[in-house]
Amino acid sequence: MLKTEDGRTWATIAEAAKKLKVSPSRLVRVVKEGKVDALRLSAKAVLVDFQQAQFWRERFYSERKAQIAKKRRRKRRRTTQG
């Protein structure tokens, strides 16, 4: 994470997604929708405003959605393993 002089904290997509417990692709979608500020450093490197991402996670991405997604992942894992 990178803290700037204006007090904002920036994190990579992967880092923020892991801490917020959402998929990186979901976080990319949120950035593309304009709900979270981001800085593009290169073709592949993108930093997101971590405080905005946290606010989005708490306010708009409900715990229920996370629980449903977790159940689906478990179910998929079981069907692919055996």
# chains A, B, ... in the order shown; residues from 1 in each chain; ligands from 1

$ select_by_dssp --residues "chain A" --states "alpha helix (DSSP H)" --output "MDAnalysis selection string"
chainID A and resid 13:20 24:32 50:60 63:81

$ select_by_dssp --residues "chain A" --states "strand (DSSP E)" --output "PyMOL selection string"
chain A and resi 2-3+9-12+38-40+46-49

$ write_last_selection --atoms "N, CA and C atoms" --output "PDB file, in the first residue's frame"
ATOM      1  N   LEU A   2       0.371   2.271  -0.607  1.00  0.00           N
ATOM      2  CA  LEU A   2       1.106   3.524  -0.748  1.00  0.00           C
ATOM      3  C   LEU A   2       0.250   4.650  -0.180  1.00  0.00           C
ATOM      4  N   LYS A   3       0.811   5.398   0.740  1.00  0.00           N
ATOM      5  CA  LYS A   3       0.084   6.536   1.328  1.00  0.00           C
ATOM      6  C   LYS A   3       0.639   7.822   0.717  1.00  0.00           C
ATOM      7  N   THR A   9      -4.805   6.412   0.622  1.00  0.00           N
ATOM      8  CA  THR A   9      -4.042   5.171   0.598  1.00  0.00           C
ATOM      9  C   THR A   9      -4.371   4.438  -0.689  1.00  0.00           C
ATOM     10  N   TRP A  10      -3.334   4.075  -1.428  1.00  0.00           N
ATOM     11  CA  TRP A  10      -3.508   3.393  -2.709  1.00  0.00           C
ATOM     12  C   TRP A  10      -2.998   1.969  -2.588  1.00  0.00           C
ATOM     13  N   ALA A  11      -3.686   1.035  -3.229  1.00  0.00           N
ATOM     14  CA  ALA A  11      -3.294  -0.371  -3.213  1.00  0.00           C
ATOM     15  C   ALA A  11      -3.473  -0.950  -4.609  1.00  0.00           C
ATOM     16  N   THR A  12      -2.739  -2.008  -4.895  1.00  0.00           N
ATOM     17  CA  THR A  12      -2.922  -2.678  -6.177  1.00  0.00           C
ATOM     18  C   THR A  12      -4.281  -3.377  -6.167  1.00  0.00           C
ATOM     19  N   ALA A  38      -9.020   5.305  -9.356  1.00  0.00           N
ATOM     20  CA  ALA A  38      -7.865   4.460  -9.648  1.00  0.00           C
ATOM     21  C   ALA A  38      -6.820   5.248 -10.415  1.00  0.00           C
ATOM     22  N   LEU A  39      -5.583   4.813 -10.297  1.00  0.00           N
ATOM     23  CA  LEU A  39      -4.464   5.384 -11.036  1.00  0.00           C
ATOM     24  C   LEU A  39      -3.848   4.281 -11.885  1.00  0.00           C
ATOM     25  N   ARG A  40      -3.710   4.523 -13.172  1.00  0.00           N
ATOM     26  CA  ARG A  40      -3.053   3.542 -14.033  1.00  0.00           C
ATOM     27  C   ARG A  40      -1.592   3.924 -14.119  1.00  0.00           C
ATOM     28  N   VAL A  46      -2.330  -1.056 -11.877  1.00  0.00           N
ATOM     29  CA  VAL A  46      -3.392  -0.116 -11.503  1.00  0.00           C
ATOM     30  C   VAL A  46      -3.445  -0.042  -9.982  1.00  0.00           C
ATOM     31  N   LEU A  47      -3.517   1.171  -9.459  1.00  0.00           N
ATOM     32  CA  LEU A  47      -3.696   1.369  -8.028  1.00  0.00           C
ATOM     33  C   LEU A  47      -5.098   1.900  -7.779  1.00  0.00           C
ATOM     34  N   VAL A  48      -5.745   1.403  -6.735  1.00  0.00           N
ATOM     35  CA  VAL A  48      -7.084   1.876  -6.380  1.00  0.00           C
ATOM     36  C   VAL A  48      -7.023   2.610  -5.047  1.00  0.00           C
ATOM     37  N   ASP A  49      -7.911   3.567  -4.871  1.00  0.00           N
ATOM     38  CA  ASP A  49      -8.034   4.290  -3.610  1.00  0.00           C
ATOM     39  C   ASP A  49      -8.652   3.324  -2.600  1.00  0.00           C
TER      40      ASP A  49
END

$ residues_around --residues "A:Trp56" --least-positions-apart "2" --cutoff "10 Å" --atoms "only C-alpha atoms" --output "VMD selection string"
chain A and resid 20 27 30 35 to 36 50 to 54 58 to 62

$ atom_distance --atom1 "atom CA of A:Gln67" --atom2 "atom CA of A:Ser23"
13.2 Å

$ atom_distance --atom1 "atom CA of A:Ile13" --atom2 "atom CA of A:Val28"
7.2 Å

$ closest_residue --among "A:Met1, A:Arg8, A:Arg78, A:Val22" --to "A:Lys65" --atoms "only C-alpha atoms"
A:Val22

$ atom_distance --atom1 "atom CA of A:Val31" --atom2 "atom CA of A:Gly7"
19.9 Å

$ decode --residues "chain A" --atoms "C-alpha atoms" --output "compact mmCIF listing (two decimals), in the first residue's frame"
# COMPACT_ATOMS: atom_id res chain seq x y z
CA MET A 1 0.00 0.00 0.00
CA LEU A 2 1.11 3.52 -0.75
CA LYS A 3 0.08 6.54 1.33
CA THR A 4 0.18 9.93 -0.39
CA GLU A 5 0.58 13.42 1.06
CA ASP A 6 -3.13 14.14 0.73
CA GLY A 7 -3.88 11.23 3.08
CA ARG A 8 -5.16 8.79 0.48
CA THR A 9 -4.04 5.17 0.60
CA TRP A 10 -3.51 3.39 -2.71
CA ALA A 11 -3.29 -0.37 -3.21
CA THR A 12 -2.92 -2.68 -6.18
CA ILE A 13 -6.04 -4.44 -7.45
CA ALA A 14 -4.83 -7.80 -6.11
CA GLU A 15 -3.87 -6.39 -2.71
CA ALA A 16 -7.14 -4.51 -2.26
CA ALA A 17 -9.23 -7.45 -3.47
CA LYS A 18 -7.57 -9.78 -1.00
CA LYS A 19 -8.06 -7.41 1.95
CA LEU A 20 -11.66 -6.64 0.99
CA LYS A 21 -12.46 -10.31 0.27
CA VAL A 22 -13.78 -9.69 -3.23
CA SER A 23 -12.50 -10.99 -6.55
CA PRO A 24 -10.01 -8.88 -8.47
CA SER A 25 -12.30 -8.94 -11.51
CA ARG A 26 -15.16 -7.50 -9.42
CA LEU A 27 -12.90 -4.71 -8.20
CA VAL A 28 -11.83 -3.95 -11.78
CA ARG A 29 -15.51 -3.72 -12.75
CA VAL A 30 -16.17 -1.27 -9.91
CA VAL A 31 -13.26 0.88 -11.07
CA LYS A 32 -14.53 0.81 -14.67
CA GLU A 33 -17.99 1.84 -13.45
CA GLY A 34 -16.37 4.85 -11.76
CA LYS A 35 -17.38 3.94 -8.21
CA VAL A 36 -13.76 3.84 -6.98
CA ASP A 37 -10.87 6.11 -8.05
CA ALA A 38 -7.87 4.46 -9.65
CA LEU A 39 -4.46 5.38 -11.04
CA ARG A 40 -3.05 3.54 -14.03
CA LEU A 41 0.72 3.30 -13.67
CA SER A 42 1.31 1.16 -16.76
CA ALA A 43 -0.59 -1.14 -19.08
CA LYS A 44 -1.02 -3.71 -16.29
CA ALA A 45 -0.36 -1.83 -13.06
CA VAL A 46 -3.39 -0.12 -11.50
CA LEU A 47 -3.70 1.37 -8.03
CA VAL A 48 -7.08 1.88 -6.38
CA ASP A 49 -8.03 4.29 -3.61
CA PHE A 50 -8.28 1.85 -0.73
CA GLN A 51 -10.58 3.98 1.47
CA GLN A 52 -13.07 4.36 -1.38
CA ALA A 53 -12.87 0.64 -2.08
CA GLN A 54 -13.54 -0.10 1.60
CA PHE A 55 -16.53 2.23 1.60
CA TRP A 56 -17.88 0.57 -1.55
CA ARG A 57 -17.40 -2.87 0.02
CA GLU A 58 -19.19 -1.95 3.24
CA ARG A 59 -21.98 0.03 1.63
CA PHE A 60 -22.77 -1.68 -1.65
CA TYR A 61 -21.35 -5.19 -1.62
CA SER A 62 -23.38 -6.87 1.06
CA GLU A 63 -22.20 -9.70 3.26
CA ARG A 64 -25.02 -11.81 1.91
CA LYS A 65 -23.58 -11.63 -1.60
CA ALA A 66 -20.22 -12.69 -0.23
CA GLN A 67 -21.78 -15.65 1.58
CA ILE A 68 -23.64 -16.79 -1.54
CA ALA A 69 -20.47 -16.56 -3.61
CA LYS A 70 -18.54 -18.56 -1.00
CA LYS A 71 -21.16 -21.33 -1.06
CA ARG A 72 -21.02 -21.46 -4.86
CA ARG A 73 -17.23 -21.75 -4.81
CA ARG A 74 -17.40 -24.60 -2.28
CA LYS A 75 -20.02 -26.36 -4.35
CA ARG A 76 -17.93 -26.00 -7.52
CA ARG A 77 -14.84 -27.30 -5.74
CA ARG A 78 -16.71 -30.38 -4.54
CA THR A 79 -18.05 -31.19 -7.99
CA THR A 80 -14.64 -30.78 -9.67
CA GLN A 81 -12.80 -32.81 -7.02
CA GLY A 82 -14.96 -35.85 -6.93
